[in-house]
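Next up, target-v1.tsv (TSV, N, CA and C atoms):
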chain	number	residue	atom	x	y	z
A	1	MET	N	30.56	39.67	30.74
A	1	MET	CA	30.79	41.09	30.52
A	1	MET	C	32.30	41.32	30.41
A	2	ARG	N	32.70	42.03	29.38
A	2	ARG	CA	34.12	42.35	29.22
A	2	ARG	C	34.42	43.66	29.96
A	3	HIS	N	35.68	43.90	30.27
A	3	HIS	CA	36.08	45.09	31.00
A	3	HIS	C	37.24	45.79	30.31
A	4	ARG	N	37.29	47.09	30.48
A	4	ARG	CA	38.42	47.87	29.98
A	4	ARG	C	39.62	47.64	30.87
A	5	GLU	N	40.77	48.17	30.44
A	5	GLU	CA	41.99	48.04	31.23
A	5	GLU	C	41.84	48.63	32.63
A	6	ASP	N	40.99	49.67	32.78
A	6	ASP	CA	40.80	50.30	34.08
A	6	ASP	C	39.70	49.62	34.90
A	7	GLY	N	39.17	48.49	34.40
A	7	GLY	CA	38.19	47.72	35.16
A	7	GLY	C	36.74	48.07	34.89
A	8	GLN	N	36.46	49.12	34.13
A	8	GLN	CA	35.08	49.50	33.86
A	8	GLN	C	34.48	48.58	32.79
A	9	ASN	N	33.19	48.33	32.91
A	9	ASN	CA	32.50	47.49	31.93
A	9	ASN	C	32.50	48.16	30.56
A	10	ILE	N	32.68	47.37	29.52
A	10	ILE	CA	32.56	47.90	28.16
A	10	ILE	C	31.33	47.36	27.47
A	11	GLY	N	30.59	46.49	28.13
A	11	GLY	CA	29.34	45.98	27.56
A	11	GLY	C	29.59	44.89	26.55
A	12	ARG	N	28.51	44.49	25.93
A	12	ARG	CA	28.58	43.43	24.93
A	12	ARG	C	28.51	44.04	23.54
A	13	GLN	N	29.26	43.50	22.64
A	13	GLN	CA	29.25	43.93	21.25
A	13	GLN	C	28.79	42.75	20.41
A	14	SER	N	28.19	43.03	19.28
A	14	SER	CA	27.77	41.95	18.41
A	14	SER	C	27.95	42.34	16.95
A	15	VAL	N	28.12	41.34	16.14
A	15	VAL	CA	28.20	41.50	14.69
A	15	VAL	C	27.26	40.45	14.11
A	16	ALA	N	26.46	40.82	13.15
A	16	ALA	CA	25.51	39.88	12.57
A	16	ALA	C	25.96	39.48	11.16
A	17	TYR	N	25.85	38.22	10.88
A	17	TYR	CA	26.17	37.69	9.56
A	17	TYR	C	24.98	36.89	9.06
A	18	THR	N	24.87	36.75	7.78
A	18	THR	CA	23.83	35.90	7.22
A	18	THR	C	24.44	34.56	6.85
A	19	SER	N	23.57	33.62	6.57
A	19	SER	CA	24.02	32.30	6.15
A	19	SER	C	23.10	31.81	5.05
A	20	ASP	N	23.32	30.60	4.63
A	20	ASP	CA	22.48	30.02	3.58
A	20	ASP	C	21.01	30.16	3.97
A	21	GLY	N	20.20	30.54	3.04
A	21	GLY	CA	18.77	30.68	3.29
A	21	GLY	C	18.34	32.09	3.64
A	22	ALA	N	19.29	32.98	3.92
A	22	ALA	CA	18.93	34.34	4.31
A	22	ALA	C	18.17	35.06	3.20
A	23	GLU	N	18.44	34.71	1.97
A	23	GLU	CA	17.74	35.35	0.86
A	23	GLU	C	16.26	34.98	0.82
A	24	ASP	N	15.87	33.93	1.55
A	24	ASP	CA	14.47	33.49	1.59
A	24	ASP	C	13.64	34.18	2.67
A	25	VAL	N	14.27	35.05	3.46
A	25	VAL	CA	13.55	35.75	4.52
A	25	VAL	C	12.53	36.69	3.91
A	26	ASP	N	11.33	36.68	4.44
A	26	ASP	CA	10.26	37.57	3.98
A	26	ASP	C	10.47	38.94	4.62
A	27	ALA	N	11.03	39.88	3.87
A	27	ALA	CA	11.39	41.19	4.40
A	27	ALA	C	10.18	41.95	4.94
A	28	VAL	N	9.02	41.81	4.31
A	28	VAL	CA	7.81	42.51	4.76
A	28	VAL	C	7.39	41.97	6.12
A	29	ALA	N	7.38	40.65	6.27
A	29	ALA	CA	7.00	40.05	7.55
A	29	ALA	C	8.01	40.40	8.64
A	30	LEU	N	9.30	40.38	8.30
A	30	LEU	CA	10.33	40.74	9.28
A	30	LEU	C	10.16	42.18	9.73
A	31	ARG	N	9.91	43.09	8.79
A	31	ARG	CA	9.71	44.50	9.13
A	31	ARG	C	8.51	44.66	10.07
A	32	ALA	N	7.45	43.92	9.84
A	32	ALA	CA	6.25	43.99	10.70
A	32	ALA	C	6.55	43.49	12.10
A	33	VAL	N	7.30	42.41	12.20
A	33	VAL	CA	7.67	41.87	13.52
A	33	VAL	C	8.53	42.87	14.28
A	34	LEU	N	9.51	43.46	13.61
A	34	LEU	CA	10.37	44.44	14.27
A	34	LEU	C	9.58	45.68	14.68
A	35	ALA	N	8.65	46.12	13.85
A	35	ALA	CA	7.84	47.30	14.17
A	35	ALA	C	6.93	47.05	15.37
A	36	ALA	N	6.58	45.80	15.62
A	36	ALA	CA	5.68	45.47	16.72
A	36	ALA	C	6.39	45.39	18.07
A	37	ILE	N	7.70	45.46	18.08
A	37	ILE	CA	8.44	45.42	19.35
A	37	ILE	C	8.17	46.72	20.10
A	38	GLU	N	7.71	46.60	21.32
A	38	GLU	CA	7.29	47.79	22.07
A	38	GLU	C	8.37	48.28	23.03
A	39	GLN	N	9.55	48.43	22.53
A	39	GLN	CA	10.64	49.02	23.32
A	39	GLN	C	11.65	49.63	22.35
A	40	PRO	N	12.49	50.53	22.81
A	40	PRO	CA	13.47	51.15	21.90
A	40	PRO	C	14.38	50.10	21.28
A	41	LEU	N	14.68	50.28	20.00
A	41	LEU	CA	15.59	49.38	19.30
A	41	LEU	C	16.96	50.01	19.10
A	42	SER	N	17.19	51.13	19.74
A	42	SER	CA	18.48	51.79	19.62
A	42	SER	C	18.89	52.31	20.98
A	43	GLY	N	20.13	52.68	21.08
A	43	GLY	CA	20.62	53.21	22.33
A	43	GLY	C	21.91	53.97	22.10
A	44	THR	N	22.40	54.57	23.14
A	44	THR	CA	23.65	55.33	23.08
A	44	THR	C	24.81	54.43	23.43
A	45	VAL	N	25.86	54.51	22.65
A	45	VAL	CA	27.08	53.76	22.92
A	45	VAL	C	28.15	54.77	23.30
A	46	VAL	N	28.76	54.59	24.45
A	46	VAL	CA	29.83	55.46	24.90
A	46	VAL	C	31.14	54.73	24.67
A	47	ALA	N	32.06	55.39	23.97
A	47	ALA	CA	33.35	54.76	23.66
A	47	ALA	C	34.48	55.72	23.97
A	48	ASP	N	35.58	55.18	24.44
A	48	ASP	CA	36.74	56.03	24.70
A	48	ASP	C	37.85	55.80	23.68
A	49	ARG	N	37.63	54.84	22.75
A	49	ARG	CA	38.60	54.61	21.68
A	49	ARG	C	37.96	53.78	20.57
A	50	LEU	N	38.51	53.91	19.40
A	50	LEU	CA	38.13	53.07	18.27
A	50	LEU	C	39.24	52.06	18.05
A	51	ARG	N	38.86	50.85	17.70
A	51	ARG	CA	39.86	49.82	17.45
A	51	ARG	C	39.71	49.30	16.03
A	52	LEU	N	40.83	49.20	15.35
A	52	LEU	CA	40.89	48.60	14.03
A	52	LEU	C	41.39	47.18	14.20
A	53	VAL	N	40.64	46.23	13.67
A	53	VAL	CA	41.04	44.83	13.78
A	53	VAL	C	40.99	44.16	12.42
A	54	GLU	N	41.83	43.16	12.27
A	54	GLU	CA	41.76	42.27	11.12
A	54	GLU	C	40.88	41.11	11.53
A	55	GLN	N	39.89	40.78	10.72
A	55	GLN	CA	38.95	39.72	11.09
A	55	GLN	C	38.98	38.62	10.05
A	56	TRP	N	38.94	37.39	10.51
A	56	TRP	CA	38.80	36.26	9.61
A	56	TRP	C	38.13	35.12	10.34
A	57	HIS	N	37.66	34.12	9.59
A	57	HIS	CA	37.04	32.96	10.23
A	57	HIS	C	37.38	31.70	9.46
A	58	ASP	N	37.31	30.60	10.16
A	58	ASP	CA	37.63	29.30	9.56
A	58	ASP	C	36.38	28.46	9.36
A	59	GLY	N	35.22	29.07	9.44
A	59	GLY	CA	33.97	28.36	9.31
A	59	GLY	C	33.38	27.98	10.66
A	60	ALA	N	34.22	27.87	11.68
A	60	ALA	CA	33.75	27.51	13.03
A	60	ALA	C	33.99	28.63	14.02
A	61	HIS	N	35.05	29.40	13.83
A	61	HIS	CA	35.42	30.46	14.78
A	61	HIS	C	35.75	31.74	14.03
A	62	ILE	N	35.38	32.87	14.63
A	62	ILE	CA	35.76	34.18	14.11
A	62	ILE	C	36.90	34.69	14.97
A	63	THR	N	37.94	35.20	14.32
A	63	THR	CA	39.12	35.69	15.04
A	63	THR	C	39.37	37.15	14.68
A	64	TRP	N	39.70	37.95	15.69
A	64	TRP	CA	40.05	39.35	15.48
A	64	TRP	C	41.48	39.56	15.93
A	65	ASN	N	42.30	40.14	15.06
A	65	ASN	CA	43.68	40.48	15.39
A	65	ASN	C	43.77	42.00	15.51
A	66	PRO	N	44.02	42.52	16.72
A	66	PRO	CA	44.10	43.99	16.88
A	66	PRO	C	45.21	44.58	16.04
A	67	ILE	N	44.89	45.68	15.35
A	67	ILE	CA	45.90	46.37	14.53
A	67	ILE	C	46.23	47.73	15.14
A	68	ALA	N	45.21	48.46	15.57
A	68	ALA	CA	45.46	49.79	16.13
A	68	ALA	C	44.31	50.19	17.05
A	69	ALA	N	44.62	51.08	18.00
A	69	ALA	CA	43.60	51.68	18.87
A	69	ALA	C	43.77	53.19	18.80
A	70	VAL	N	42.67	53.89	18.58
A	70	VAL	CA	42.71	55.34	18.48
A	70	VAL	C	41.90	55.92	19.64
A	71	PRO	N	42.59	56.57	20.60
A	71	PRO	CA	41.85	57.15	21.73
A	71	PRO	C	40.95	58.30	21.24
A	72	LEU	N	39.77	58.39	21.83
A	72	LEU	CA	38.85	59.49	21.53
A	72	LEU	C	38.92	60.50	22.66
A	73	THR	N	38.84	61.77	22.33
A	73	THR	CA	38.85	62.81	23.34
A	73	THR	C	37.56	63.60	23.25
A	74	ARG	N	37.17	64.17	24.36
A	74	ARG	CA	35.97	65.00	24.37
A	74	ARG	C	36.31	66.37	23.82
A	75	VAL	N	35.38	66.94	23.04
A	75	VAL	CA	35.59	68.26	22.45
A	75	VAL	C	34.94	69.30	23.32
For the file at hand, write its structure as structure tokens.
Amino acid sequence: MRHREDGQNIGRQSVAYTSDGAEDVDAVALRAVLAAIEQPLSGTVVADRLRLVEQWHDGAHITWNPIAAVPLTRV
């Protein structure tokens, strides 16, 4: 679990990518499997800032270089 500068948990983040063979996935079967999951597939994300990063990979590792952070305020 990662933490913010003030020590609070920020949770896990994920990014999904496809690879060779992804075009062979049976979309109808995948949709049926996802529809059969008996729990919520969405949730609320609470954020106190947005971060802009430069992302690249070398085939083995993905790297993010922070460019900017924009604090969010409550309205």
**Request:** Would you mind reading off the distance between CA of Ala68 in chain A and atom C of Thr44 in chain A, one decimal, in Å?
**Result:**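 So the answer is 22.4 Å.
Remark: for Ile67 in chain A, the closest of the candidate residues A:Ala32, A:Ser42, A:Ala22, A:Leu52 is A:Leu52 (distances computed over all atoms listed in the file).
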**Prompt:** Suppose you want the space between CA of Glu38 in chain A and CA of Asp26 in chain A; what is it in Å?
**Reply:**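 CA of Asp26 in chain A lies 21.0 Å from CA of Glu38 in chain A.
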**Message:** One decimal, in Å: what's the spacing between atom C of His61 in chain A and CA of Asp20 in chain A?
**Reply:**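 So the answer is 17.0 Å.
With distances restricted to only C-alpha atoms, A:Thr73 is the closest residue to Leu50 in chain A from A:Thr73, A:Ala36, A:Ile62, A:Val28.
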**Message:** Just want the 6 Å neighbourhood of Trp64 in chain A, counted on all atoms listed in the file, with same-chain residues fewer than 5 positions away dropped. Output as a list in words.
**Reply:** Val53, Glu54, Gln55 and Trp56 of chain A
**Contact residues around Arg49 in chain A with all atoms listed in the file at 6.5 Å, ignoring same-chain residues under 5 positions, as an NGL selection string** = :A and (69-72)
**Request:** Please report, as a list of chain:residue names, each residue of range 11-75 of chain A to which DSSP assigns helix (DSSP H, G or I) when run on this structure's backbone.
**Result:**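 In range 11-75 of chain A, DSSP puts these residues in helix (DSSP H, G or I): A:Ala22, A:Glu23, A:Asp24, A:Ala27, A:Val28, A:Ala29, A:Leu30, A:Arg31, A:Ala32, A:Val33, A:Leu34, A:Ala35.
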**Request:** List every residue of range 15-54 of chain A that DSSP, applied to the backbone of this structure, places in strand (DSSP E or B), and write the result as a ChimeraX atom specification.
**Result:** /A:49-54
